[in-house]
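Listing of final16.txt, compact mmCIF, C-alpha atoms and all ligand atoms
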# COMPACT_ATOMS: atom_id res chain seq x y z
CA MET A 1 -64.16 13.17 33.06
CA ASP A 2 -66.63 13.74 30.19
CA HIS A 3 -66.18 11.75 27.03
CA PRO A 4 -65.21 14.22 24.24
CA LEU A 5 -68.29 13.19 22.24
CA ASP A 6 -70.54 14.27 25.12
CA ARG A 7 -69.37 17.83 24.52
CA LEU A 8 -71.36 17.77 21.30
CA THR A 9 -74.68 16.74 22.80
CA ARG A 10 -75.88 20.12 24.02
CA PRO A 11 -74.91 22.24 20.96
CA LEU A 12 -76.46 19.64 18.67
CA GLN A 13 -79.69 19.64 20.70
CA GLU A 14 -79.76 23.45 20.63
CA ARG A 15 -79.49 23.37 16.87
CA ARG A 16 -82.40 20.93 16.66
CA ASP A 17 -84.49 23.02 19.08
CA ALA A 18 -83.89 26.17 17.01
CA ARG A 19 -85.16 24.28 13.94
CA LEU A 20 -81.82 24.85 12.21
CA TRP A 21 -80.96 21.16 11.80
CA ARG A 22 -79.54 20.32 8.38
CA HIS A 23 -80.12 16.95 6.81
CA HIS A 24 -79.55 15.33 3.44
CA ARG A 25 -82.58 14.47 1.35
CA THR A 26 -81.73 11.47 -0.81
CA VAL A 27 -82.53 11.84 -4.50
CA VAL A 28 -83.09 8.61 -6.44
CA SER A 29 -83.63 10.12 -9.91
CA ARG A 30 -81.35 12.08 -12.25
CA GLN A 31 -81.03 15.80 -11.59
CA GLY A 32 -83.76 17.72 -13.38
CA PRO A 33 -86.97 19.59 -12.73
CA LEU A 34 -88.82 16.36 -11.90
CA THR A 35 -87.03 14.84 -8.95
CA GLN A 36 -87.80 11.66 -7.08
CA LEU A 37 -86.88 11.71 -3.41
CA ALA A 38 -86.17 8.43 -1.61
CA ASP A 39 -88.80 9.30 0.99
CA GLY A 40 -91.36 10.71 -1.51
CA ALA A 41 -94.43 9.00 -2.90
CA ALA A 42 -94.25 10.78 -6.27
CA PRO A 43 -91.70 12.97 -8.11
CA VAL A 44 -91.61 16.61 -7.02
CA LEU A 45 -91.12 19.65 -9.22
CA ALA A 46 -87.78 21.01 -7.99
CA PHE A 47 -86.59 24.62 -7.93
CA CYS A 48 -83.43 23.87 -5.95
CA SER A 49 -80.46 23.19 -8.16
CA ASN A 50 -77.76 25.37 -9.70
CA ASP A 51 -78.09 23.49 -12.99
CA TYR A 52 -79.10 26.79 -14.59
CA LEU A 53 -78.81 25.65 -18.20
CA GLY A 54 -79.92 22.05 -17.67
CA LEU A 55 -76.52 20.71 -18.74
CA THR A 56 -76.26 17.99 -16.05
CA GLN A 57 -78.27 15.72 -18.37
CA HIS A 58 -77.11 16.94 -21.79
CA PRO A 59 -76.64 13.91 -24.09
CA ALA A 60 -73.56 15.38 -25.81
CA LEU A 61 -71.83 15.84 -22.46
CA ILE A 62 -72.76 12.37 -21.23
CA GLU A 63 -71.27 11.03 -24.45
CA ALA A 64 -68.16 13.22 -24.15
CA GLN A 65 -67.50 11.97 -20.63
CA SER A 66 -68.13 8.31 -21.58
CA LYS A 67 -65.66 8.61 -24.45
CA ALA A 68 -63.12 10.39 -22.26
CA LEU A 69 -63.41 7.62 -19.65
CA GLY A 70 -62.44 5.15 -22.37
CA ARG A 71 -59.41 7.25 -23.21
CA TRP A 72 -58.17 8.24 -19.73
CA GLY A 73 -59.67 5.75 -17.28
CA VAL A 74 -61.34 6.85 -14.07
CA GLY A 75 -58.68 8.69 -12.07
CA SER A 76 -55.75 11.09 -12.30
CA GLY A 77 -53.52 9.14 -9.91
CA ALA A 78 -51.69 12.06 -8.33
CA SER A 79 -51.60 15.77 -7.71
CA HIS A 80 -51.04 18.29 -10.50
CA VAL A 81 -47.45 18.87 -9.41
CA VAL A 82 -46.55 15.17 -9.57
CA CYS A 83 -48.01 13.23 -12.54
CA GLY A 84 -51.77 13.98 -12.32
CA HIS A 85 -51.78 16.99 -14.67
CA THR A 86 -52.87 15.71 -18.08
CA GLN A 87 -53.28 17.27 -21.48
CA ALA A 88 -57.04 17.37 -20.75
CA HIS A 89 -56.45 19.56 -17.67
CA GLU A 90 -54.09 21.77 -19.65
CA GLU A 91 -56.57 22.23 -22.51
CA LEU A 92 -59.35 23.09 -20.11
CA GLN A 93 -57.20 25.71 -18.40
CA ASP A 94 -56.17 27.20 -21.74
CA LEU A 95 -59.79 27.41 -22.84
CA LEU A 96 -60.83 29.16 -19.64
CA ALA A 97 -57.92 31.60 -19.75
CA VAL A 98 -58.59 32.53 -23.38
CA GLN A 99 -62.25 33.17 -22.56
CA GLN A 100 -61.44 35.74 -19.89
CA ALA A 101 -58.45 37.21 -21.75
CA GLY A 102 -60.59 40.07 -23.11
CA ARG A 103 -61.10 41.29 -19.56
CA ILE A 104 -57.98 40.24 -17.65
CA PRO A 105 -54.54 41.09 -19.08
CA GLU A 106 -51.97 38.27 -19.36
CA ALA A 107 -54.66 35.87 -18.17
CA GLN A 108 -53.84 32.36 -17.05
CA ALA A 109 -56.11 29.74 -15.45
CA LEU A 110 -55.75 27.09 -12.79
CA GLY A 111 -58.31 24.33 -12.25
CA PHE A 112 -59.62 23.00 -8.91
CA ALA A 113 -61.88 20.14 -7.87
CA THR A 114 -64.44 22.51 -6.31
CA GLY A 115 -65.16 26.20 -5.92
CA TYR A 116 -64.73 25.92 -2.17
CA LEU A 117 -61.17 24.70 -2.70
CA ALA A 118 -60.47 27.40 -5.29
CA ASN A 119 -61.56 30.11 -2.86
CA MET A 120 -59.46 28.65 -0.06
CA ALA A 121 -56.49 28.62 -2.47
CA ILE A 122 -57.02 32.32 -3.22
CA PHE A 123 -56.89 33.13 0.50
CA SER A 124 -53.85 30.90 1.09
CA THR A 125 -52.05 32.83 -1.62
CA LEU A 126 -53.15 36.16 -0.18
CA ALA A 127 -51.93 35.07 3.26
CA ALA A 128 -48.60 33.91 1.86
CA ALA A 129 -48.12 37.18 -0.02
CA GLY A 130 -49.49 39.53 2.62
CA GLY A 131 -48.27 37.91 5.81
CA ARG A 132 -49.69 38.93 9.18
CA SER A 133 -50.69 42.40 8.01
CA LEU A 134 -52.98 41.20 5.17
CA GLN A 135 -56.23 43.21 5.10
CA VAL A 136 -59.39 41.67 3.62
CA PHE A 137 -62.60 43.62 2.95
CA SER A 138 -65.65 41.40 2.39
CA ASP A 139 -69.26 42.08 1.49
CA ARG A 140 -71.31 40.92 4.47
CA LEU A 141 -73.37 38.55 2.32
CA ASN A 142 -70.40 36.79 0.69
CA HIS A 143 -70.53 33.02 0.32
CA ALA A 144 -69.42 30.93 3.31
CA SER A 145 -66.27 29.76 1.50
CA LEU A 146 -65.10 33.38 1.18
CA VAL A 147 -65.93 34.13 4.80
CA HIS A 148 -64.09 31.04 6.06
CA GLY A 149 -61.14 31.70 3.74
CA ALA A 150 -60.82 35.30 4.94
CA GLN A 151 -61.09 34.29 8.61
CA ALA A 152 -58.37 31.69 8.15
CA ALA A 153 -56.10 34.10 6.26
CA THR A 154 -56.01 37.13 8.53
CA ARG A 155 -57.07 38.83 11.75
CA HIS A 156 -57.65 42.02 9.75
CA HIS A 157 -60.95 41.02 8.19
CA PHE A 158 -63.43 43.86 7.64
CA ARG A 159 -67.00 43.09 6.58
CA PHE A 160 -68.92 45.93 4.93
CA ALA A 161 -72.71 46.20 4.71
CA HIS A 162 -74.07 44.46 1.62
CA GLY A 163 -73.27 46.45 -1.53
CA ASP A 164 -72.40 49.56 0.49
CA LEU A 165 -69.43 51.13 -1.28
CA ILE A 166 -69.50 54.18 0.99
CA ALA A 167 -69.03 51.95 4.03
CA LEU A 168 -66.29 50.07 2.19
CA ARG A 169 -64.49 53.32 1.35
CA GLY A 170 -64.56 54.31 5.04
CA MET A 171 -63.04 50.97 6.04
CA LEU A 172 -60.37 51.20 3.34
CA GLU A 173 -59.46 54.74 4.39
CA ARG A 174 -59.06 53.76 8.05
CA ALA A 175 -57.15 50.55 7.31
CA ALA A 176 -54.85 52.25 4.78
CA THR A 177 -54.05 54.99 7.28
CA GLU A 178 -53.27 52.45 10.02
CA ASP A 179 -51.07 50.28 7.82
CA PRO A 180 -50.30 51.87 4.43
CA LYS A 181 -47.98 49.04 3.40
CA ALA A 182 -50.40 46.15 4.06
CA LEU A 183 -51.50 43.95 1.16
CA ARG A 184 -55.23 44.65 0.68
CA ALA A 185 -57.93 42.61 -1.06
CA ILE A 186 -61.59 43.43 -1.63
CA VAL A 187 -63.64 40.22 -1.95
CA VAL A 188 -67.17 39.80 -3.31
CA ASP A 189 -69.65 37.40 -4.81
CA ALA A 190 -70.44 38.81 -8.27
CA VAL A 191 -73.93 37.25 -8.04
CA PHE A 192 -74.93 36.60 -4.43
CA SER A 193 -75.71 32.95 -3.91
CA MET A 194 -78.67 33.33 -1.54
CA ASP A 195 -79.93 36.69 -2.81
CA GLY A 196 -79.47 36.64 -6.57
CA ASP A 197 -78.49 40.31 -6.71
CA GLU A 198 -75.16 41.53 -8.08
CA SER A 199 -72.11 43.45 -6.88
CA SER A 200 -71.19 46.67 -8.65
CA LEU A 201 -67.84 45.55 -10.02
CA PRO A 202 -66.85 48.89 -11.66
CA GLY A 203 -67.32 50.73 -8.35
CA LEU A 204 -65.37 48.04 -6.50
CA LEU A 205 -62.50 48.07 -9.00
CA ALA A 206 -62.30 51.87 -8.79
CA LEU A 207 -61.87 51.54 -5.01
CA ALA A 208 -59.32 48.74 -5.48
CA VAL A 209 -57.27 51.04 -7.74
CA GLU A 210 -57.62 54.03 -5.40
CA PHE A 211 -56.55 52.05 -2.33
CA ASN A 212 -54.01 49.86 -4.13
CA ALA A 213 -55.90 46.62 -3.47
CA LEU A 214 -56.65 43.40 -5.34
CA LEU A 215 -60.26 42.57 -6.24
CA VAL A 216 -61.40 38.95 -5.79
CA VAL A 217 -64.57 38.20 -7.78
CA ASP A 218 -66.43 34.94 -7.05
CA ASP A 219 -68.64 34.39 -10.10
CA ALA A 220 -69.99 30.96 -9.15
CA HIS A 221 -73.52 32.03 -10.10
CA GLY A 222 -72.73 34.42 -12.96
CA TYR A 223 -70.33 32.37 -15.06
CA GLY A 224 -72.25 30.65 -17.85
CA VAL A 225 -75.39 32.66 -17.06
CA VAL A 226 -74.67 36.37 -17.53
CA GLY A 227 -72.71 38.38 -20.07
CA PRO A 228 -72.21 37.85 -23.79
CA ALA A 229 -71.77 34.13 -24.54
CA GLY A 230 -72.23 33.55 -20.80
CA ARG A 231 -68.66 34.60 -20.09
CA GLY A 232 -69.75 35.91 -16.73
CA SER A 233 -69.88 39.06 -14.69
CA LEU A 234 -66.66 40.67 -15.97
CA TRP A 235 -68.44 40.71 -19.34
CA SER A 236 -71.90 41.75 -18.19
CA GLN A 237 -70.51 44.67 -16.17
CA TRP A 238 -67.83 46.00 -18.56
CA ASP A 239 -67.89 46.46 -22.35
CA GLU A 240 -64.11 46.27 -22.50
CA ALA A 241 -61.16 45.47 -20.27
CA PRO A 242 -61.32 48.07 -17.49
CA SER A 243 -58.28 49.98 -16.39
CA GLY A 244 -56.76 48.20 -13.39
CA ALA A 245 -58.05 44.78 -14.52
CA GLU A 246 -54.71 43.18 -13.67
CA ARG A 247 -55.87 43.46 -10.04
CA ILE A 248 -58.85 41.14 -10.63
CA ILE A 249 -58.74 37.55 -9.39
CA PHE A 250 -61.69 35.79 -10.99
CA MET A 251 -63.15 32.53 -9.69
CA GLY A 252 -65.74 30.57 -11.69
CA THR A 253 -67.34 27.22 -10.93
CA LEU A 254 -68.09 24.34 -13.28
CA GLY A 255 -70.63 22.51 -11.11
CA LYS A 256 -73.37 25.07 -11.64
CA ALA A 257 -74.19 26.43 -15.13
CA ALA A 258 -71.61 24.10 -16.71
CA GLY A 259 -73.54 21.17 -15.21
CA MET A 260 -70.55 19.11 -14.06
CA ALA A 261 -68.06 19.76 -11.24
CA GLY A 262 -64.93 21.75 -10.56
CA ALA A 263 -63.82 25.36 -10.59
CA PHE A 264 -61.10 27.65 -11.85
CA VAL A 265 -59.26 30.82 -11.06
CA VAL A 266 -58.25 33.20 -13.86
CA ALA A 267 -55.94 36.11 -13.14
CA HIS A 268 -52.79 37.87 -14.28
CA ASP A 269 -49.83 35.58 -14.91
CA GLN A 270 -47.95 36.89 -11.87
CA TRP A 271 -50.79 36.02 -9.49
CA MET A 272 -51.19 32.57 -11.06
CA ASP A 273 -47.48 31.86 -10.55
CA ALA A 274 -47.91 32.73 -6.88
CA MET A 275 -50.94 30.45 -6.56
CA ARG A 276 -49.11 27.52 -8.13
CA GLN A 277 -46.15 28.06 -5.80
CA TRP A 278 -47.87 28.81 -2.52
CA ALA A 279 -51.47 27.57 -2.33
CA PRO A 280 -51.50 24.17 -0.61
CA GLU A 281 -54.93 23.57 -2.20
CA ALA A 282 -53.23 23.65 -5.61
CA ILE A 283 -50.35 21.41 -4.53
CA TYR A 284 -51.26 18.80 -1.94
CA THR A 285 -54.39 17.31 -3.47
CA THR A 286 -55.16 14.77 -6.18
CA ALA A 287 -56.05 16.27 -9.56
CA SER A 288 -59.66 15.76 -10.68
CA PRO A 289 -60.18 12.86 -13.10
CA PRO A 290 -58.85 13.69 -16.59
CA ALA A 291 -62.06 12.34 -18.17
CA GLN A 292 -63.93 15.02 -16.24
CA ALA A 293 -61.52 17.69 -17.51
CA GLU A 294 -62.00 16.50 -21.09
CA ALA A 295 -65.79 16.48 -20.77
CA LEU A 296 -65.61 19.92 -19.18
CA CYS A 297 -63.94 21.24 -22.34
CA ALA A 298 -67.06 20.09 -24.20
CA ALA A 299 -69.35 21.61 -21.55
CA VAL A 300 -67.57 24.95 -21.66
CA ALA A 301 -67.65 25.04 -25.48
CA LEU A 302 -71.35 24.15 -25.49
CA MET A 303 -72.18 26.68 -22.81
CA HIS A 304 -70.49 29.50 -24.72
CA GLY A 305 -71.81 28.50 -28.15
CA VAL A 306 -75.11 28.88 -30.00
CA GLU A 307 -76.88 26.23 -27.94
CA GLY A 308 -75.74 27.84 -24.69
CA GLU A 309 -77.13 31.16 -25.92
CA ALA A 310 -80.50 29.57 -26.69
CA LEU A 311 -80.58 28.05 -23.18
CA ARG A 312 -79.72 31.41 -21.61
CA GLN A 313 -82.50 32.99 -23.65
CA GLN A 314 -84.91 30.40 -22.27
CA LEU A 315 -83.67 31.03 -18.73
CA ARG A 316 -84.06 34.81 -19.12
CA HIS A 317 -87.57 34.24 -20.38
CA HIS A 318 -88.37 32.14 -17.27
CA ILE A 319 -86.93 34.79 -14.95
CA GLY A 320 -89.11 37.48 -16.58
CA ALA A 321 -92.20 35.26 -16.52
CA LEU A 322 -91.84 34.40 -12.82
CA ARG A 323 -91.25 38.01 -11.83
CA ALA A 324 -94.28 39.11 -13.86
CA MET A 325 -96.42 36.56 -12.03
CA LEU A 326 -95.46 37.24 -8.41
CA PRO A 327 -95.32 40.22 -6.05
CA LYS A 328 -91.90 41.81 -5.70
CA LEU A 329 -90.21 43.41 -2.72
CA GLY A 330 -88.10 46.56 -2.73
CA ALA A 331 -84.44 46.55 -1.67
CA ALA A 332 -85.30 46.48 2.05
CA ALA A 333 -87.88 43.86 2.99
CA ALA A 334 -90.10 44.91 5.91
CA PRO A 335 -90.77 42.37 8.68
CA GLY A 336 -93.80 40.28 7.84
CA SER A 337 -93.62 41.02 4.12
CA ALA A 338 -93.31 38.25 1.56
CA GLY A 339 -92.42 38.32 -2.09
CA LEU A 340 -89.61 37.98 -4.60
CA MET A 341 -86.40 39.74 -3.61
CA PRO A 342 -84.77 42.10 -6.17
CA SER A 343 -82.84 39.90 -8.62
CA ARG A 344 -82.25 39.68 -12.37
CA THR A 345 -80.54 36.30 -12.16
CA ALA A 346 -81.60 32.65 -12.00
CA ILE A 347 -81.70 32.90 -8.19
CA GLN A 348 -85.12 34.30 -7.29
CA PRO A 349 -85.50 34.11 -3.51
CA TRP A 350 -88.93 34.44 -1.92
CA TRP A 351 -88.49 36.43 1.26
CA VAL A 352 -90.18 35.11 4.41
CA GLY A 353 -88.20 36.34 7.46
CA GLY A 354 -88.80 33.83 10.27
CA VAL A 355 -87.35 30.32 10.35
CA ALA A 356 -90.59 28.60 11.39
CA GLU A 357 -92.56 30.47 8.72
CA ALA A 358 -90.03 29.58 6.00
CA LEU A 359 -90.10 25.90 6.97
CA ALA A 360 -93.89 25.89 7.09
CA LEU A 361 -94.10 27.46 3.62
CA ALA A 362 -91.63 24.93 2.19
CA GLU A 363 -93.71 22.13 3.71
CA ARG A 364 -96.95 23.51 2.24
CA LEU A 365 -95.32 23.67 -1.20
CA GLU A 366 -93.97 20.16 -0.88
CA ALA A 367 -97.44 18.92 -0.01
CA GLN A 368 -98.41 20.27 -3.45
CA GLY A 369 -95.51 18.46 -5.11
CA ILE A 370 -93.12 21.44 -5.32
CA TRP A 371 -89.65 21.41 -3.77
CA VAL A 372 -88.06 24.74 -2.89
CA PRO A 373 -85.45 24.73 -0.10
CA ALA A 374 -85.94 26.94 2.96
CA ILE A 375 -82.68 28.80 3.61
CA ARG A 376 -82.11 29.61 7.26
CA PRO A 377 -79.39 31.13 9.44
CA PRO A 378 -76.43 30.80 9.59
CA THR A 379 -76.49 30.48 5.77
CA VAL A 380 -78.37 33.82 5.74
CA PRO A 381 -78.47 36.46 8.52
CA ALA A 382 -80.93 35.99 11.40
CA GLY A 383 -84.44 37.18 10.55
CA THR A 384 -83.96 36.80 6.80
CA ALA A 385 -85.04 33.20 6.17
CA ARG A 386 -86.30 32.65 2.66
CA LEU A 387 -87.18 30.13 0.03
CA ARG A 388 -84.37 30.01 -2.51
CA VAL A 389 -86.14 29.53 -5.82
CA SER A 390 -83.61 28.72 -8.53
CA LEU A 391 -84.65 28.53 -12.15
CA SER A 392 -83.23 26.46 -14.98
CA ALA A 393 -83.61 26.47 -18.73
CA ALA A 394 -84.78 22.87 -18.22
CA HIS A 395 -87.99 24.12 -16.54
CA THR A 396 -91.04 24.60 -18.72
CA GLU A 397 -93.55 27.42 -18.83
CA HIS A 398 -96.02 25.07 -17.16
CA ASP A 399 -93.55 24.40 -14.32
CA LEU A 400 -93.35 28.13 -13.67
CA GLN A 401 -97.14 28.47 -13.65
CA ARG A 402 -97.36 25.69 -11.07
CA LEU A 403 -94.75 27.34 -8.87
CA GLY A 404 -96.35 30.77 -9.20
CA HIS A 405 -99.83 29.56 -8.29
CA ALA A 406 -98.59 27.42 -5.44
CA LEU A 407 -96.55 30.27 -3.96
CA LEU A 408 -99.42 32.74 -4.20
CA GLU A 409 -101.80 30.29 -2.61
CA SER A 410 -99.48 28.98 0.09
CA ALA A 411 -97.91 32.28 1.09
CA SER A 412 -101.19 34.13 1.63
C1 LIG B 501 -70.75 32.01 -4.37
C2 LIG B 501 -70.20 30.64 -4.24
N1 LIG B 501 -68.87 30.47 -4.22
C3 LIG B 501 -68.31 29.26 -4.12
C4 LIG B 501 -69.09 28.13 -4.04
C5 LIG B 501 -68.43 26.80 -3.91
O1 LIG B 501 -68.44 26.14 -5.14
P1 LIG B 501 -68.44 24.55 -5.21
O2 LIG B 501 -69.86 24.13 -4.95
O3 LIG B 501 -67.95 24.23 -6.56
O4 LIG B 501 -67.53 24.08 -4.12
C6 LIG B 501 -70.47 28.24 -4.07
C7 LIG B 501 -71.30 27.02 -3.98
O5 LIG B 501 -72.37 26.94 -3.59
C8 LIG B 501 -71.04 29.52 -4.16
O6 LIG B 501 -72.37 29.68 -4.16
If you took the structure in this file and wrote it as structure tokens, what would it be?
Amino acid sequence: MDHPLDRLTRPLQERRDARLWRHHRTVVSRQGPLTQLADGAAPVLAFCSNDYLGLTQHPALIEAQSKALGRWGVGSGASHVVCGHTQAHEELQDLLAVQQAGRIPEAQALGFATGYLANMAIFSTLAAAGGRSLQVFSDRLNHASLVHGAQAATRHHFRFAHGDLIALRGMLERAATEDPKALRAIVVDAVFSMDGDESSLPGLLALAVEFNALLVVDDAHGYGVVGPAGRGSLWSQWDEAPSGAERIIFMGTLGKAAGMAGAFVVAHDQWMDAMRQWAPEAIYTTASPPAQAEALCAAVALMHGVEGEALRQQLRHHIGALRAMLPKLGAAAAPGSAGLMPSRTAIQPWWVGGVAEALALAERLEAQGIWVPAIRPPTVPAGTARLRVSLSAAHTEHDLQRLGHALLESAS
């Protein structure tokens, strides 16, 4: 009889042969535009991270966390429901709830160690509330955590073409006719992680109201970056609390623009009660270190204050400068075309198409001292490999010039 490990040999080899092998590059410097790789001769100029405001290295946050470590020690010791929930966690949650209160009525927040966990907790709660008839409607380009969460939660998982509200309406109509009493949830990335474009939240909420559904908004890449004071996509897409906003379940991450780690869900009080009662991800796991929660309060305050605004201004300037420098593609990229995909956000993907071509371009850039990751299937659909350029306020004008010239030269 075969050893169980032998069952892995062929699929692993197939992955290698298809040039889809993933491996970890070891970084030996701090995060930042100039990054030293363990296997690199010299530092490379990196356009890879989600540190959109450059806060991973902010001196005030390093100091806040050092101080908090002195106060709280290194760990929380237990889950939130036992004795791991400290005043620092509570203050962070209050801060996050108050920030979104202008968009979500009776808002409350719950913190998580990661965004992946927060998304899984949303789906666990949906499954607990909706039972076997739960219906989930997902944008086809949603983040993997949303796809996996939906697949685990229900057999009734409908994936609509990217941004296509007409297709979504058709699916909602059919599903609502088949099972009018089912709990329904529409689920989207607000800013798409590998594309940089944005969902139309007003159109989605209108459909959620019409078909009596909830609307789950994953704002991992919008929170801290878009909207007044960086409050995220609910603020960039609405000038005031929209009607039906009690249906919105908002997820934001703290490991991207906020520069640290963690995530949160903000929603109506009733939903948050359900999450605290039913989501195993909120119950059976150790709370994040309280020192991290305390430092996150400082990060969130900084991000939403005057300094955060100046950093966002810098980031917006970089986005405009890069787009002015490089050719841009329309909404549908033709095979063989290359250029920046449509995006107003810090994620500025350079479309390539083929896996081999994307890897070759990334290698040519790295030979010039520039690190941009090639994103391949299954992270993106087959035939849509790309270089995911991500910009940060920590980049300089000169960094952008280097990237622009290198891309123009290497891609032609
Ligand atoms: C859209 C989206 N949602 C959720 C996550 C997961 O967040 P975290 O990295 O905090 O687990 C990511 C991370 O890449 C993401 O891009």
Please identify all polymer residues lying at most 10 Å from the point (-56.8, 42.2, -15.9) (file coordinates), using all atoms listed in the file, and present the result as an mmCIF file with C-alpha atoms, keeping the file's coordinate frame.
data_model
loop_
_atom_site.group_PDB
_atom_site.id
_atom_site.type_symbol
_atom_site.label_atom_id
_atom_site.label_comp_id
_atom_site.auth_asym_id
_atom_site.auth_seq_id
_atom_site.Cartn_x
_atom_site.Cartn_y
_atom_site.Cartn_z
ATOM 1 C CA GLN A 100 -61.440 35.740 -19.890
ATOM 2 C CA ALA A 101 -58.450 37.210 -21.750
ATOM 3 C CA GLY A 102 -60.590 40.070 -23.110
ATOM 4 C CA ARG A 103 -61.100 41.290 -19.560
ATOM 5 C CA ILE A 104 -57.980 40.240 -17.650
ATOM 6 C CA PRO A 105 -54.540 41.090 -19.080
ATOM 7 C CA GLU A 106 -51.970 38.270 -19.360
ATOM 8 C CA ALA A 107 -54.660 35.870 -18.170
ATOM 9 C CA LEU A 234 -66.660 40.670 -15.970
ATOM 10 C CA ALA A 241 -61.160 45.470 -20.270
ATOM 11 C CA PRO A 242 -61.320 48.070 -17.490
ATOM 12 C CA SER A 243 -58.280 49.980 -16.390
ATOM 13 C CA GLY A 244 -56.760 48.200 -13.390
ATOM 14 C CA ALA A 245 -58.050 44.780 -14.520
ATOM 15 C CA GLU A 246 -54.710 43.180 -13.670
ATOM 16 C CA ARG A 247 -55.870 43.460 -10.040
ATOM 17 C CA ILE A 248 -58.850 41.140 -10.630
ATOM 18 C CA ILE A 249 -58.740 37.550 -9.390
ATOM 19 C CA PHE A 250 -61.690 35.790 -10.990
ATOM 20 C CA VAL A 266 -58.250 33.200 -13.860
ATOM 21 C CA ALA A 267 -55.940 36.110 -13.140
ATOM 22 C CA HIS A 268 -52.790 37.870 -14.280
ATOM 23 C CA ASP A 269 -49.830 35.580 -14.910
#
Skipping near chain neighbours, those fewer than 2 positions away, what residues fall within 9 Å of Ala208 in chain A using only C-alpha atoms, listed as a list in words?
-> Arg184, Ala185, Ile186, Gly203, Leu204, Leu205, Ala206, Glu210, Phe211, Asn212, Ala213, Leu214, Leu215, Gly244 and Arg247 of chain A
Contacts with ligand LIG 501 (chain B) at most 9 Å, all atoms listed in the file counted, listed as a compact mmCIF listing (two decimals) with C-alpha atoms, in the frame of the given file:
# COMPACT_ATOMS: atom_id res chain seq x y z
CA ASN A 50 -77.76 25.37 -9.70
CA PHE A 112 -59.62 23.00 -8.91
CA ALA A 113 -61.88 20.14 -7.87
CA THR A 114 -64.44 22.51 -6.31
CA GLY A 115 -65.16 26.20 -5.92
CA TYR A 116 -64.73 25.92 -2.17
CA LEU A 117 -61.17 24.70 -2.70
CA ALA A 118 -60.47 27.40 -5.29
CA ASN A 119 -61.56 30.11 -2.86
CA ASN A 142 -70.40 36.79 0.69
CA HIS A 143 -70.53 33.02 0.32
CA ALA A 144 -69.42 30.93 3.31
CA SER A 145 -66.27 29.76 1.50
CA LEU A 146 -65.10 33.38 1.18
CA VAL A 188 -67.17 39.80 -3.31
CA ASP A 189 -69.65 37.40 -4.81
CA ALA A 190 -70.44 38.81 -8.27
CA VAL A 191 -73.93 37.25 -8.04
CA PHE A 192 -74.93 36.60 -4.43
CA SER A 193 -75.71 32.95 -3.91
CA MET A 194 -78.67 33.33 -1.54
CA ASP A 218 -66.43 34.94 -7.05
CA ASP A 219 -68.64 34.39 -10.10
CA ALA A 220 -69.99 30.96 -9.15
CA HIS A 221 -73.52 32.03 -10.10
CA MET A 251 -63.15 32.53 -9.69
CA GLY A 252 -65.74 30.57 -11.69
CA THR A 253 -67.34 27.22 -10.93
CA LEU A 254 -68.09 24.34 -13.28
CA GLY A 255 -70.63 22.51 -11.11
CA LYS A 256 -73.37 25.07 -11.64
CA ALA A 261 -68.06 19.76 -11.24
CA GLY A 262 -64.93 21.75 -10.56
CA ALA A 263 -63.82 25.36 -10.59
All residues 7 Å or closer to range 374-379 of chain A, only C-alpha atoms, same chain fewer than 3 positions away omitted, as a PyMOL selection string | chain A and resi 20+355+358-359+362+382+385-388
Expressed in Å to a single decimal, how great is the separation between CA of Leu326 in chain A and CA of Cys48 in chain A?
->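 Taking CA of Leu326 in chain A as the start and CA of Cys48 in chain A as the end point, the length is 18.2 Å.
With CA of Pro33 in chain A on one side and CA of Trp21 in chain A on the other, the separation reads 25.3 Å.
As for CA of Arg316 in chain A and CA of Gly369 in chain A, they are spaced 24.4 Å apart.
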Return the single residue from A:Ser412, A:Gln93, A:Gln368, A:Gln151 that is closest to Val300 in chain A, with distances computed using all atoms listed in the file.
->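 Under the stated criterion, the closest residue is A:Gln93.
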Reconstruct N, CA and C atoms of range 378-384 of chain A from the incomplete input and present them as an mmCIF file, in the frame of the given file.
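Output (result33.cif):
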data_model
loop_
_atom_site.group_PDB
_atom_site.id
_atom_site.type_symbol
_atom_site.label_atom_id
_atom_site.label_comp_id
_atom_site.auth_asym_id
_atom_site.auth_seq_id
_atom_site.Cartn_x
_atom_site.Cartn_y
_atom_site.Cartn_z
ATOM 1 N N PRO A 378 -77.378 29.708 9.841
ATOM 2 C CA PRO A 378 -76.430 30.800 9.590
ATOM 3 C C PRO A 378 -76.102 31.007 8.107
ATOM 4 N N THR A 379 -76.768 30.254 7.206
ATOM 5 C CA THR A 379 -76.490 30.480 5.770
ATOM 6 C C THR A 379 -76.877 31.900 5.385
ATOM 7 N N VAL A 380 -77.975 32.410 5.947
ATOM 8 C CA VAL A 380 -78.370 33.820 5.740
ATOM 9 C C VAL A 380 -78.478 34.472 7.120
ATOM 10 N N PRO A 381 -78.410 35.816 7.204
ATOM 11 C CA PRO A 381 -78.470 36.460 8.520
ATOM 12 C C PRO A 381 -79.793 36.180 9.242
ATOM 13 N N ALA A 382 -79.735 36.229 10.579
ATOM 14 C CA ALA A 382 -80.930 35.990 11.400
ATOM 15 C C ALA A 382 -82.055 36.919 10.952
ATOM 16 N N GLY A 383 -83.270 36.372 10.907
ATOM 17 C CA GLY A 383 -84.440 37.180 10.550
ATOM 18 C C GLY A 383 -84.647 37.335 9.059
ATOM 19 N N THR A 384 -83.815 36.653 8.256
ATOM 20 C CA THR A 384 -83.960 36.800 6.800
ATOM 21 C C THR A 384 -84.157 35.448 6.107
#
